[in-house]
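Text of the file input_35.cif, holding mmCIF, C-alpha atoms:
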```
data_model
loop_
_atom_site.label_atom_id
_atom_site.label_comp_id
_atom_site.auth_asym_id
_atom_site.auth_seq_id
_atom_site.Cartn_x
_atom_site.Cartn_y
_atom_site.Cartn_z
CA MET A 89 -11.51 -49.01 -24.73
CA PHE A 90 -8.36 -50.56 -23.20
CA ASN A 91 -6.68 -53.84 -24.08
CA ILE A 92 -5.41 -56.29 -21.43
CA ASP A 93 -1.85 -54.91 -21.51
CA GLN A 94 -3.05 -51.37 -21.07
CA VAL A 95 -5.36 -52.39 -18.22
CA LYS A 96 -2.38 -54.07 -16.51
CA LYS A 97 -0.23 -50.97 -16.94
CA ILE A 98 -2.94 -48.68 -15.64
CA GLY A 99 -3.62 -51.16 -12.82
CA VAL A 100 -0.06 -50.70 -11.56
CA TRP A 101 -0.60 -46.94 -11.39
CA VAL A 102 -3.98 -47.36 -9.69
CA ILE A 103 -2.28 -49.50 -7.04
CA LEU A 104 0.43 -46.86 -6.67
CA CYS A 105 -2.28 -44.24 -6.30
CA LEU A 106 -3.86 -46.30 -3.51
CA VAL A 107 -0.47 -46.68 -1.86
CA THR A 108 -0.17 -42.88 -1.76
CA VAL A 109 -3.59 -42.72 -0.05
CA PHE A 110 -2.22 -45.07 2.60
CA PHE A 111 0.90 -42.93 2.79
CA LEU A 112 -1.25 -39.82 3.09
CA THR A 113 -3.46 -41.35 5.78
CA ALA A 114 -0.37 -42.31 7.75
CA ASN A 115 0.84 -38.70 7.60
CA ILE A 116 -2.42 -37.01 8.59
CA GLY A 117 -2.32 -35.38 11.97
CA GLY A 118 1.36 -36.15 12.43
CA GLU A 119 4.25 -33.75 12.74
CA LYS A 120 4.74 -31.42 9.80
CA ALA A 121 8.47 -31.52 10.41
CA TRP A 122 10.67 -32.69 7.53
CA LYS A 123 12.03 -36.20 7.75
CA PRO A 124 15.74 -36.78 6.92
CA ALA A 125 14.99 -37.85 3.33
CA GLU A 126 12.81 -34.77 2.79
CA GLN A 127 15.56 -32.59 4.24
CA ILE A 128 18.01 -33.97 1.67
CA VAL A 129 15.55 -33.29 -1.18
CA LEU A 130 14.94 -29.81 0.17
CA GLU A 131 18.62 -29.02 0.57
CA LEU A 132 19.07 -30.06 -3.07
CA PHE A 133 16.15 -28.16 -4.56
CA ALA A 134 15.84 -25.12 -2.28
CA PRO A 135 18.82 -23.33 -3.91
CA LEU A 136 16.92 -23.63 -7.18
CA GLN A 137 13.86 -22.09 -5.58
CA LYS A 138 16.04 -19.38 -4.07
CA MET A 139 17.39 -18.65 -7.53
CA ILE A 140 13.86 -18.45 -8.93
CA GLN A 141 12.84 -16.11 -6.13
CA GLN A 142 15.85 -13.91 -6.83
CA VAL A 143 14.98 -13.81 -10.53
CA VAL A 144 11.38 -12.91 -9.66
CA GLN A 145 12.53 -10.23 -7.24
CA ALA A 146 15.04 -8.86 -9.74
CA THR A 147 12.38 -8.76 -12.46
CA GLU A 148 9.95 -7.10 -10.09
CA GLY A 149 12.70 -4.68 -9.10
CA VAL A 150 13.47 -3.78 -12.70
CA TRP A 151 9.80 -3.36 -13.48
CA LEU A 152 9.12 -1.24 -10.44
CA SER A 153 12.31 0.80 -10.54
CA TYR A 154 12.60 1.55 -14.22
CA PHE A 155 9.20 1.24 -15.77
CA ASN A 156 6.94 2.23 -12.98
CA LEU A 157 7.97 5.74 -11.94
CA VAL A 158 11.44 5.54 -10.48
CA ARG A 159 11.16 8.35 -7.99
CA VAL A 160 7.70 7.37 -6.77
CA HIS A 161 8.89 3.84 -6.10
CA ASP A 162 11.96 5.03 -4.16
CA GLU A 163 9.86 7.47 -2.21
CA ASN A 164 7.34 4.73 -1.56
CA LEU A 165 10.07 2.45 -0.23
CA ARG A 166 11.33 5.17 2.09
CA LEU A 167 7.81 5.94 3.30
CA ASN A 168 7.09 2.24 3.75
CA GLN A 169 10.18 1.87 5.90
CA GLU A 170 9.21 4.93 7.89
CA ASN A 171 5.66 3.64 8.14
CA ASN A 172 6.89 0.25 9.37
CA ALA A 173 9.06 1.91 12.00
CA LEU A 174 6.13 4.07 13.12
CA LYS A 175 3.82 1.08 13.17
CA MET A 176 6.28 -0.79 15.36
CA GLU A 177 6.61 2.21 17.62
CA ASN A 178 2.85 2.63 17.68
CA ASN A 179 2.27 -1.04 18.46
CA ARG A 180 4.80 -0.85 21.25
CA TYR A 181 3.26 2.33 22.59
CA ARG A 182 -0.28 0.96 22.43
CA GLU A 183 0.74 -2.23 24.16
CA LEU A 184 2.73 -0.35 26.81
CA LEU A 185 -0.22 1.92 27.45
CA GLY A 186 -2.57 -1.01 27.90
CA THR A 187 -0.20 -2.99 30.04
CA SER A 188 0.71 -0.07 32.26
CA ARG A 189 -2.95 0.13 33.24
CA ARG A 190 -2.72 -3.25 34.78
CA LEU A 191 0.90 -2.93 36.03
CA GLN A 192 1.90 -6.57 35.78
CA GLU A 193 1.49 -6.53 31.99
CA LEU A 194 4.53 -4.28 31.70
CA LEU A 195 6.83 -7.10 32.69
CA ALA A 196 5.21 -9.49 30.22
CA PHE A 197 5.71 -7.03 27.37
CA LYS A 198 9.35 -6.53 28.32
CA ILE A 199 9.88 -10.27 28.26
CA SER A 200 8.22 -10.49 24.87
CA ASN A 201 10.78 -8.08 23.48
CA ASP A 202 13.80 -9.64 25.12
CA TRP A 203 14.11 -12.69 22.91
CA PRO A 204 17.00 -12.67 20.44
CA LYS A 205 15.88 -12.41 16.84
CA VAL A 206 17.44 -13.52 13.55
CA VAL A 207 16.60 -12.04 10.16
CA ALA A 208 15.85 -14.48 7.33
CA GLN A 209 14.94 -13.99 3.69
CA VAL A 210 11.86 -15.54 2.08
CA ILE A 211 13.06 -17.71 -0.81
CA GLY A 212 9.91 -19.50 -1.84
CA ARG A 213 6.22 -19.98 -1.33
CA ASP A 214 3.94 -22.96 -1.02
CA PRO A 215 3.43 -24.36 -4.54
CA ASP A 216 -0.15 -25.28 -3.65
CA ARG A 217 -2.52 -22.36 -3.50
CA LEU A 218 -4.63 -23.90 -0.73
CA PHE A 219 -1.80 -24.01 1.78
CA LYS A 220 -0.09 -20.89 3.06
CA ALA A 221 3.57 -21.25 3.91
CA VAL A 222 6.90 -19.73 2.96
CA LEU A 223 10.39 -21.15 2.76
CA ILE A 224 13.21 -19.13 4.36
CA ASP A 225 16.95 -19.27 3.83
CA LYS A 226 18.03 -20.16 7.36
CA GLY A 227 17.66 -23.30 9.43
CA LYS A 228 19.10 -25.45 12.20
CA ASN A 229 22.59 -24.02 11.63
CA ASP A 230 21.28 -20.63 12.79
CA GLY A 231 19.68 -22.07 15.91
CA PHE A 232 16.18 -22.46 14.47
CA LYS A 233 13.86 -25.01 15.99
CA ILE A 234 10.31 -26.11 15.32
CA ASN A 235 7.57 -23.82 16.66
CA MET A 236 9.75 -20.73 16.92
CA PRO A 237 7.61 -17.64 16.26
CA VAL A 238 8.14 -15.61 13.09
CA VAL A 239 7.31 -11.90 12.97
CA ASN A 240 8.01 -8.80 10.93
CA ALA A 241 7.71 -5.08 11.58
CA GLU A 242 3.95 -5.27 11.17
CA GLY A 243 3.17 -8.17 13.47
CA VAL A 244 2.89 -11.95 13.70
CA VAL A 245 3.69 -13.85 10.50
CA GLY A 246 3.59 -17.47 11.65
CA ARG A 247 5.74 -20.20 13.17
CA LEU A 248 8.42 -22.63 12.01
CA VAL A 249 6.94 -26.02 11.19
CA SER A 250 9.89 -27.73 9.47
CA VAL A 251 13.60 -27.09 9.79
CA SER A 252 16.53 -28.46 7.78
CA PRO A 253 20.21 -27.45 8.25
CA ASN A 254 19.94 -24.41 5.96
CA TYR A 255 16.24 -23.87 5.28
CA SER A 256 13.00 -23.67 7.21
CA LYS A 257 9.32 -23.66 6.44
CA VAL A 258 7.05 -21.07 8.05
CA LEU A 259 3.35 -21.85 8.47
CA LEU A 260 1.60 -18.52 8.01
CA VAL A 261 -1.11 -17.28 10.34
CA ILE A 262 -3.52 -17.19 7.37
CA ASP A 263 -3.25 -20.96 6.79
CA GLN A 264 -6.37 -22.88 7.71
CA ASN A 265 -4.30 -25.25 9.84
CA SER A 266 -2.72 -22.47 11.87
CA ALA A 267 -4.09 -21.54 15.29
CA VAL A 268 -2.86 -18.69 17.47
CA ASP A 269 -4.26 -17.96 20.91
CA CYS A 270 -5.07 -14.25 20.95
CA LEU A 271 -6.82 -11.65 22.97
CA ILE A 272 -8.68 -8.46 22.23
CA GLU A 273 -6.30 -5.70 23.24
CA ARG A 274 -9.02 -3.48 24.70
CA SER A 275 -11.17 -5.96 26.60
CA ARG A 276 -8.46 -8.66 27.17
CA GLU A 277 -10.84 -11.44 26.16
CA ASN A 278 -9.51 -14.59 24.52
CA GLY A 279 -10.10 -16.34 21.23
CA ILE A 280 -8.18 -18.40 18.70
CA ILE A 281 -7.15 -16.92 15.36
CA LYS A 282 -7.41 -19.27 12.41
CA GLY A 283 -6.73 -18.64 8.74
CA LEU A 284 -9.64 -18.19 6.36
CA THR A 285 -8.40 -16.47 3.19
CA ASP A 286 -5.30 -14.47 2.27
CA THR A 287 -6.66 -11.32 3.80
CA VAL A 288 -9.13 -12.53 6.40
CA CYS A 289 -8.79 -14.63 9.55
CA ARG A 290 -11.45 -15.94 11.88
CA LEU A 291 -11.44 -15.43 15.65
CA ASP A 292 -12.84 -18.71 16.99
CA TYR A 293 -14.11 -19.68 20.42
CA PHE A 294 -14.93 -16.13 21.43
CA ALA A 295 -17.78 -16.22 23.93
CA ARG A 296 -21.08 -14.60 22.91
CA THR A 297 -20.99 -12.53 26.07
CA GLY A 298 -17.48 -11.28 25.27
CA ASP A 299 -16.75 -7.63 24.61
CA VAL A 300 -15.54 -7.03 21.05
CA VAL A 301 -16.35 -4.46 18.38
CA ALA A 302 -15.12 -3.80 14.86
CA GLY A 303 -11.85 -1.89 14.98
CA ASP A 304 -10.49 -3.64 18.08
CA PHE A 305 -6.87 -4.75 17.90
CA VAL A 306 -6.06 -8.43 18.31
CA VAL A 307 -2.75 -9.38 19.94
CA THR A 308 -1.14 -12.68 20.92
CA SER A 309 -1.99 -13.90 24.41
CA GLY A 310 1.12 -16.02 24.88
CA LEU A 311 -1.02 -18.79 26.36
CA GLU A 312 0.05 -21.45 23.89
CA ARG A 313 3.65 -20.61 24.88
CA ILE A 314 4.83 -20.32 21.27
CA TYR A 315 4.29 -16.63 20.54
CA PRO A 316 5.46 -13.97 22.99
CA LYS A 317 2.60 -12.04 24.53
CA GLY A 318 1.38 -8.77 23.02
CA LEU A 319 2.43 -9.14 19.39
CA PRO A 320 -0.06 -7.53 16.98
CA VAL A 321 -2.03 -10.03 14.89
CA GLY A 322 -4.88 -8.12 13.28
CA VAL A 323 -7.83 -5.79 13.49
CA VAL A 324 -11.44 -6.93 14.01
CA THR A 325 -13.44 -6.10 10.88
CA GLU A 326 -16.75 -7.84 11.48
CA VAL A 327 -18.60 -9.14 14.54
CA LEU A 328 -21.73 -11.26 14.12
CA ASP A 329 -23.99 -12.72 16.77
CA VAL A 330 -25.32 -15.93 15.26
CA PRO A 331 -28.59 -16.93 16.96
CA GLY A 332 -28.23 -20.21 18.82
CA ALA A 333 -24.45 -20.31 18.49
CA LEU A 334 -22.17 -20.54 21.51
CA PHE A 335 -19.57 -18.24 20.05
CA LYS A 336 -19.47 -15.01 18.09
CA ASP A 337 -18.59 -15.06 14.41
CA ILE A 338 -15.64 -12.67 14.21
CA LYS A 339 -13.57 -11.75 11.15
CA VAL A 340 -10.10 -10.29 11.59
CA GLN A 341 -7.91 -8.59 9.02
CA PRO A 342 -4.25 -9.52 9.61
CA VAL A 343 -1.88 -6.60 10.12
CA VAL A 344 0.76 -8.31 7.98
CA ASN A 345 0.59 -8.08 4.19
CA PHE A 346 1.28 -11.73 3.34
CA SER A 347 1.66 -11.15 -0.40
CA LYS A 348 4.70 -8.96 0.20
CA LEU A 349 6.76 -10.98 2.64
CA GLU A 350 10.49 -10.59 2.05
CA GLU A 351 12.51 -10.35 5.26
CA LEU A 352 11.28 -12.02 8.41
CA LEU A 353 12.38 -11.99 12.02
CA ILE A 354 12.61 -15.35 13.73
CA VAL A 355 12.31 -15.03 17.50
CA LEU A 356 14.67 -17.57 19.04
CA LYS A 357 12.16 -18.67 21.64
CA GLU A 358 11.94 -22.41 22.08
CA ASP A 359 8.62 -24.13 22.48
CA PRO A 360 8.75 -25.30 26.13
CA LEU A 361 6.65 -28.36 25.32
CA LEU A 362 9.08 -29.48 22.60
CA SER A 363 12.22 -28.79 24.60
CA GLN A 364 11.03 -30.94 27.51
CA MET B 47 12.71 -29.53 -15.72
CA ILE B 48 10.21 -26.97 -17.05
CA ALA B 49 7.52 -28.42 -14.79
CA LEU B 50 9.87 -28.45 -11.81
CA LEU B 51 10.86 -24.81 -12.31
CA PHE B 52 7.24 -23.85 -12.83
CA ALA B 53 6.11 -25.71 -9.71
CA LEU B 54 8.74 -23.92 -7.61
CA PHE B 55 7.91 -20.59 -9.23
CA LYS B 56 4.13 -20.99 -9.00
CA GLY B 57 3.87 -19.87 -5.37
CA ASN B 58 5.34 -16.53 -6.39
CA ILE B 59 2.54 -15.97 -8.88
CA THR B 60 -0.36 -17.22 -6.83
CA ARG B 61 0.53 -15.03 -3.84
CA TRP B 62 -1.56 -12.34 -5.54
CA GLU B 63 -5.22 -13.26 -5.17
CA THR B 64 -6.13 -12.04 -8.67
CA MET B 65 -3.54 -14.30 -10.27
CA ARG B 66 -5.28 -17.35 -8.85
CA PHE B 67 -7.99 -16.88 -11.44
CA PHE B 68 -5.35 -17.30 -14.15
CA ASP B 69 -3.47 -20.13 -12.50
CA LEU B 70 -2.07 -22.13 -15.40
CA GLU B 71 -1.79 -25.83 -14.51
CA LEU B 72 1.35 -26.47 -16.51
CA VAL B 73 2.00 -29.78 -14.76
CA ILE B 74 -1.35 -31.16 -15.96
CA ILE B 75 -0.67 -29.95 -19.51
CA ILE B 76 2.79 -31.58 -19.52
CA LEU B 77 1.24 -34.78 -18.13
CA THR B 78 -1.30 -34.74 -20.98
CA PHE B 79 1.55 -34.18 -23.42
CA LEU B 80 3.49 -37.15 -22.05
CA VAL B 81 0.42 -39.40 -22.06
CA THR B 82 -0.37 -38.38 -25.64
CA TYR B 83 3.09 -38.58 -27.19
CA TYR B 84 5.12 -40.79 -24.84
CA SER B 85 4.53 -43.84 -22.71
CA LEU B 86 2.28 -44.25 -19.71
CA GLN B 87 5.37 -45.10 -17.66
CA SER B 88 7.14 -41.80 -18.36
CA ALA B 89 3.98 -39.83 -17.57
CA GLY B 90 3.33 -41.84 -14.41
CA ILE B 91 6.89 -41.48 -13.16
CA PHE B 92 6.74 -37.76 -13.90
CA ALA B 93 3.49 -37.41 -11.91
CA LEU B 94 4.85 -39.43 -9.00
CA SER B 95 8.24 -37.71 -8.73
CA LEU B 96 6.94 -34.18 -9.21
CA GLY B 97 4.11 -34.85 -6.73
CA LEU B 98 6.61 -36.03 -4.12
CA LEU B 99 8.85 -33.02 -4.69
CA ILE B 100 6.00 -30.51 -4.48
CA ASP B 101 4.79 -32.31 -1.34
CA THR B 102 8.16 -31.63 0.27
CA PHE B 103 7.84 -27.92 -0.40
CA SER B 104 4.17 -27.73 0.49
CA THR B 105 2.63 -27.48 3.95
CA GLY B 106 0.06 -30.16 3.25
CA PRO B 107 0.59 -33.70 4.58
CA LEU B 108 3.14 -35.74 2.68
CA GLY B 109 1.38 -37.73 -0.01
CA LEU B 110 -1.50 -35.34 -0.66
CA LEU B 111 -0.13 -33.75 -3.83
CA THR B 112 1.50 -37.01 -4.94
CA PHE B 113 -1.90 -38.63 -4.82
CA ILE B 114 -3.52 -35.69 -6.60
CA TYR B 115 -1.00 -35.75 -9.45
CA LEU B 116 -1.25 -39.53 -9.77
CA ALA B 117 -5.05 -39.26 -9.79
CA SER B 118 -4.77 -36.52 -12.45
CA PHE B 119 -2.52 -38.81 -14.47
CA LEU B 120 -5.11 -41.60 -14.30
CA LEU B 121 -7.86 -39.14 -15.24
CA ILE B 122 -5.83 -38.07 -18.26
CA VAL B 123 -5.25 -41.70 -19.28
CA VAL B 124 -8.98 -42.41 -19.12
CA GLY B 125 -9.88 -39.04 -20.63
CA SER B 126 -7.51 -39.50 -23.54
CA ARG B 127 -9.69 -42.45 -24.62
CA LEU B 128 -12.73 -40.20 -24.70
CA PHE B 129 -11.17 -37.06 -26.18
CA ASP B 130 -8.71 -36.70 -29.01
CA CYS B 131 -5.72 -34.91 -27.45
CA ARG B 132 -4.17 -34.30 -30.85
CA ALA B 133 -7.13 -32.07 -31.76
CA LEU B 134 -7.39 -28.57 -30.32
CA VAL B 135 -10.91 -28.91 -28.96
CA GLY B 136 -10.32 -32.34 -27.42
CA LEU B 137 -7.12 -31.18 -25.74
CA SER B 138 -8.72 -28.03 -24.35
CA ILE B 139 -11.75 -29.88 -22.99
CA LEU B 140 -9.67 -32.66 -21.45
CA THR B 141 -7.23 -30.22 -19.80
CA SER B 142 -10.05 -28.10 -18.40
CA LEU B 143 -11.88 -31.16 -17.07
CA VAL B 144 -8.78 -32.65 -15.44
CA VAL B 145 -7.81 -29.33 -13.80
CA LEU B 146 -11.35 -28.93 -12.49
CA LEU B 147 -11.52 -32.51 -11.22
CA LYS B 148 -8.05 -32.22 -9.68
CA ASP B 149 -9.17 -29.22 -7.63
CA LEU B 150 -12.39 -30.98 -6.62
CA VAL B 151 -10.49 -34.12 -5.57
CA GLN B 152 -8.13 -31.96 -3.53
CA MET B 153 -11.07 -30.23 -1.87
CA LEU B 154 -12.67 -33.61 -1.05
CA LEU B 155 -9.42 -34.90 0.43
CA MET B 156 -8.92 -31.76 2.48
CA VAL B 157 -12.44 -31.95 3.87
CA SER B 158 -12.17 -35.72 4.48
CA PHE B 159 -8.88 -35.43 6.34
CA SER B 160 -9.95 -32.27 8.24
CA LEU B 161 -7.25 -30.16 6.64
CA GLY B 162 -9.62 -27.19 6.37
CA SER B 163 -12.31 -26.47 3.86
CA PRO B 164 -11.36 -24.25 0.93
CA VAL B 165 -14.96 -24.08 -0.29
CA SER B 166 -16.01 -20.49 -0.91
CA ILE B 167 -17.29 -18.48 -3.85
CA PRO B 168 -13.83 -17.02 -4.69
CA TRP B 169 -12.36 -20.55 -4.56
CA LEU B 170 -15.09 -21.88 -6.86
CA LEU B 171 -14.54 -18.99 -9.26
CA ALA B 172 -10.78 -19.50 -9.11
CA ILE B 173 -10.95 -23.22 -9.96
CA VAL B 174 -13.40 -22.65 -12.82
CA THR B 175 -11.40 -19.79 -14.36
CA SER B 176 -8.12 -21.64 -13.77
CA ALA B 177 -9.56 -24.72 -15.56
CA MET B 178 -10.78 -22.59 -18.48
CA PHE B 179 -7.50 -20.67 -18.68
CA SER B 180 -5.44 -23.88 -18.62
CA GLY B 181 -7.71 -25.44 -21.25
CA LEU B 182 -7.43 -22.44 -23.53
CA LEU B 183 -3.66 -22.24 -23.22
CA ALA B 184 -3.06 -26.00 -23.46
CA PRO B 185 -2.81 -26.07 -27.30
CA ALA B 186 -0.27 -23.23 -27.24
CA VAL B 187 1.80 -24.99 -24.55
CA PHE B 188 1.56 -28.23 -26.55
CA TYR B 189 2.86 -26.41 -29.60
CA LEU B 190 5.78 -24.94 -27.61
CA LEU B 191 6.59 -28.31 -26.06
CA LYS B 192 6.53 -30.00 -29.48
CA SER B 193 8.79 -27.31 -30.92
CA GLY B 194 11.14 -27.61 -27.94
CA PHE B 195 11.31 -31.37 -28.22
CA ARG B 196 11.89 -31.16 -31.98
CA PHE B 197 14.70 -28.69 -31.40
CA PHE B 198 16.46 -30.45 -28.54
CA LEU B 199 15.65 -34.08 -29.34
CA LYS B 200 15.72 -34.40 -33.10
CA ASP B 201 15.56 -38.20 -32.93
CA VAL B 202 12.09 -38.18 -31.42
CA GLU B 203 10.67 -36.10 -34.25
CA ASN B 204 8.85 -39.09 -35.68
CA VAL B 205 6.73 -39.27 -32.52
CA PHE B 206 4.73 -36.22 -33.52
#
```

Would you mind giving the structure from this file in structure tokens?
Amino acid sequence: MFNIDQVKKIGVWVILCLVTVFFLTANIGGEKAWKPAEQIVLELFAPLQKMIQQVVQATEGVWLSYFNLVRVHDENLRLNQENNALKMENNRYRELLGTSRRLQELLAFKISNDWPKVVAQVIGRDPDRLFKAVLIDKGKNDGFKINMPVVNAEGVVGRLVSVSPNYSKVLLVIDQNSAVDCLIERSRENGIIKGLTDTVCRLDYFARTGDVVAGDFVVTSGLERIYPKGLPVGVVTEVLDVPGALFKDIKVQPVVNFSKLEELLIVLKEDPLLSQ
Amino acid sequence: MIALLFALFKGNITRWETMRFFDLELVIIILTFLVTYYSLQSAGIFALSLGLLIDTFSTGPLGLLTFIYLASFLLIVVGSRLFDCRALVGLSILTSLVVLLKDLVQMLLMVSFSLGSPVSIPWLLAIVTSAMFSGLLAPAVFYLLKSGFRFFLKDVENVF
């Protein structure tokens, strides 16, 4: 099938393949942050990705604006903006209502809204469909640091996992490697939100005796000290009591539409563990 | 360049869940093209460099996609001995098989390194349909690549 020369040539690539496994093993479990060499590569290629994103957005814009009912689209945009504003107001109101019942929560909510925020544009998405991350057009030069929370008008989007001078990578809440400490807004019981699919998350480590029903709102608890407390994460869609299991099997639908991320708010809140 | 642009653009397409079923693995098709019409070295270097670049943009650990593209390259090299890539059927079957195996290898690596398990019925459906879609479109992409190469690099015309 192969002659000696070909076997030698292929052998070199097999060795290289094994070297990458070593490389991969060395990187498992480590920091996701970009190393200097990666930052250089990213700074070189990210403008290209930004250009692609702009072309995609422009094409989408042309399609939506001119071919797909001009007035309906404009009206839809206006209503979406209005809806986002109302959602924000509603989230704030709901949280204020809940916190006012327990008095001390009011202060926590105020703190959560006091952090300065910077708007950034999504310029690219993870090229691999199994990982969920986006690339944004701002970085260290704008004061961004690893583990800063990222939100939008709807709720929690994710956190910064890599930062270069002009670009950053955001690990989305729906990624399987993301974990956000949350609580059920109504019963104030804790669990950890982990990504499952694009539209469904799992609420892990929620005690079987805990009080949760479908329709409950899930908000950040602030316990992991990355996300401010009280930010909306999702809505409980399914609660299962698995016989013999220690925890409930809970599915949560994120409040953010991750397929339509464009502008994001980066909360300039440093991770206290990293800044130490 | 085409593969690079496509790799950077791909995330924009696959953000819609439905599009994942029609996820064209252009990188695998270009790799097959290079293995078939060029040298092993050019195909290997292409797999290695593109893998490293995509790794930089991806959230996965550095080296995961490099390994996957290198493994795909080796699969294509071995597969090209079993299937005739210059024939439509051979090319389609080989592309489909490599895309399918690539996804399975990635799944195995993710499970082995505790990077999360993608295994689910939609994922299984997506990898099967993506493999079939890539296999079906591979001859058309080959034709376009050949035409492009003939147009831009007239001196390599004798390769085809």

- Pick out the closest residue to chain A from this set: B:Gly125, B:Gly136, B:Gly194, B:Pro185. Count only C-alpha atoms. B:Gly125

- Decode the PyMOL selection byres ((chain B and resi 71) around 12) for the given file into explicit residues and return them as a PyMOL selection string. (chain A and resi 215-217) or (chain B and resi 49+52-53+56+60+66-70+72-78+115+118+141-146+148-149+173+175-184+187)

- Item | Point-to-point distance from atom CA of B:Arg196 to atom CA of B:Cys131, Å rounded to tenths |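 Calculated distance between atom CA of B:Arg196 and atom CA of B:Cys131 is 18.6 Å.
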
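Atom CA of A:Asn164 to atom CA of A:Val143 spans 22.0 Å [interatomic distance, one decimal].
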
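Considering the residues A:Val355, A:Val340, A:Val109, A:Ala208 and counting all atoms listed in the file, chain B has its shortest atom-to-atom contact with A:Val109.
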
- Task: Identify all chain A residues at most 8 Å from chain B by counting all atoms listed in the file; ligands do not count. Present them as a PyMOL selection string.
- Result: chain A and resi 89+97-98+101-102+105+108-109+111-112+115-116+120+122+126+129-130+137+140-141+144+212-221+223+259+264-265+286+346-347

- Message: Which residues are near A:Val324? Cut-off 9 Å, only C-alpha atoms, ignore same chain within fewer than 2 positions. Put them as an MDAnalysis selection string.
- Response: chainID A and resid 272 291 300:306 322 326:327 338:342

- Item | Computed interatomic separation between atom CA of A:Val323 and atom CA of A:Leu349 (Å) |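 According to the coordinates, atom CA of A:Val323 and atom CA of A:Leu349 are separated by 18.9 Å.
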
Work out where the centre of an axis-aligned box around every listed atom of stretch 150-167 of chain B lies and how long its edges are once 3 Å is added on each side; give both in Å to one decimal as lines of an AutoDock Vina configuration file.
```
center_x = -12.3
center_y = -27.1
center_z = 0.8
size_x = 16.0
size_y = 23.2
size_z = 20.9
```

- Task: Name the residues that the PyMOL selection byres ((chain A and resi 226) around 9) picks from the file above, as a ChimeraX atom specification, using the file's chain letters and numbers.
- Result: /A:207-209,223-225,227-232,251-256

Quick one: write out the picked residues with C-alpha atoms as a PDB file, keeping the file's coordinate frame?
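Output (result_14.pdb):
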```
ATOM      1  CA  VAL A 207      16.600 -12.040  10.160  1.00  0.00           C
ATOM      2  CA  ALA A 208      15.850 -14.480   7.330  1.00  0.00           C
ATOM      3  CA  GLN A 209      14.940 -13.990   3.690  1.00  0.00           C
ATOM      4  CA  LEU A 223      10.390 -21.150   2.760  1.00  0.00           C
ATOM      5  CA  ILE A 224      13.210 -19.130   4.360  1.00  0.00           C
ATOM      6  CA  ASP A 225      16.950 -19.270   3.830  1.00  0.00           C
ATOM      7  CA  GLY A 227      17.660 -23.300   9.430  1.00  0.00           C
ATOM      8  CA  LYS A 228      19.100 -25.450  12.200  1.00  0.00           C
ATOM      9  CA  ASN A 229      22.590 -24.020  11.630  1.00  0.00           C
ATOM     10  CA  ASP A 230      21.280 -20.630  12.790  1.00  0.00           C
ATOM     11  CA  GLY A 231      19.680 -22.070  15.910  1.00  0.00           C
ATOM     12  CA  PHE A 232      16.180 -22.460  14.470  1.00  0.00           C
ATOM     13  CA  VAL A 251      13.600 -27.090   9.790  1.00  0.00           C
ATOM     14  CA  SER A 252      16.530 -28.460   7.780  1.00  0.00           C
ATOM     15  CA  PRO A 253      20.210 -27.450   8.250  1.00  0.00           C
ATOM     16  CA  ASN A 254      19.940 -24.410   5.960  1.00  0.00           C
ATOM     17  CA  TYR A 255      16.240 -23.870   5.280  1.00  0.00           C
ATOM     18  CA  SER A 256      13.000 -23.670   7.210  1.00  0.00           C
TER      19      SER A 256
END
```

- Query: Hey, which of A:Arg180, A:Arg290, A:Arg296, A:Arg274 ends up closest to A:Ala241? Count all atoms listed in the file.
  - Reply: A:Arg180

- Residues around (-1.6, -18.5, 22.9), cut-off 9 Å, counting only C-alpha atoms - what are they as an NGL selection string? :A and (267-271 or 278-280 or 308-317)

- Would you list the contacts of A:Gly283 as a list in words, taking every protein, DNA or RNA residue within 7 Å and counting all atoms listed in the file, but skipping same-chain residues closer than 5 positions in sequence?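 The neighbour list is Val261, Ile262, Asp263, Gln264, Ser266, Val288, Cys289 and Arg290 of chain A.
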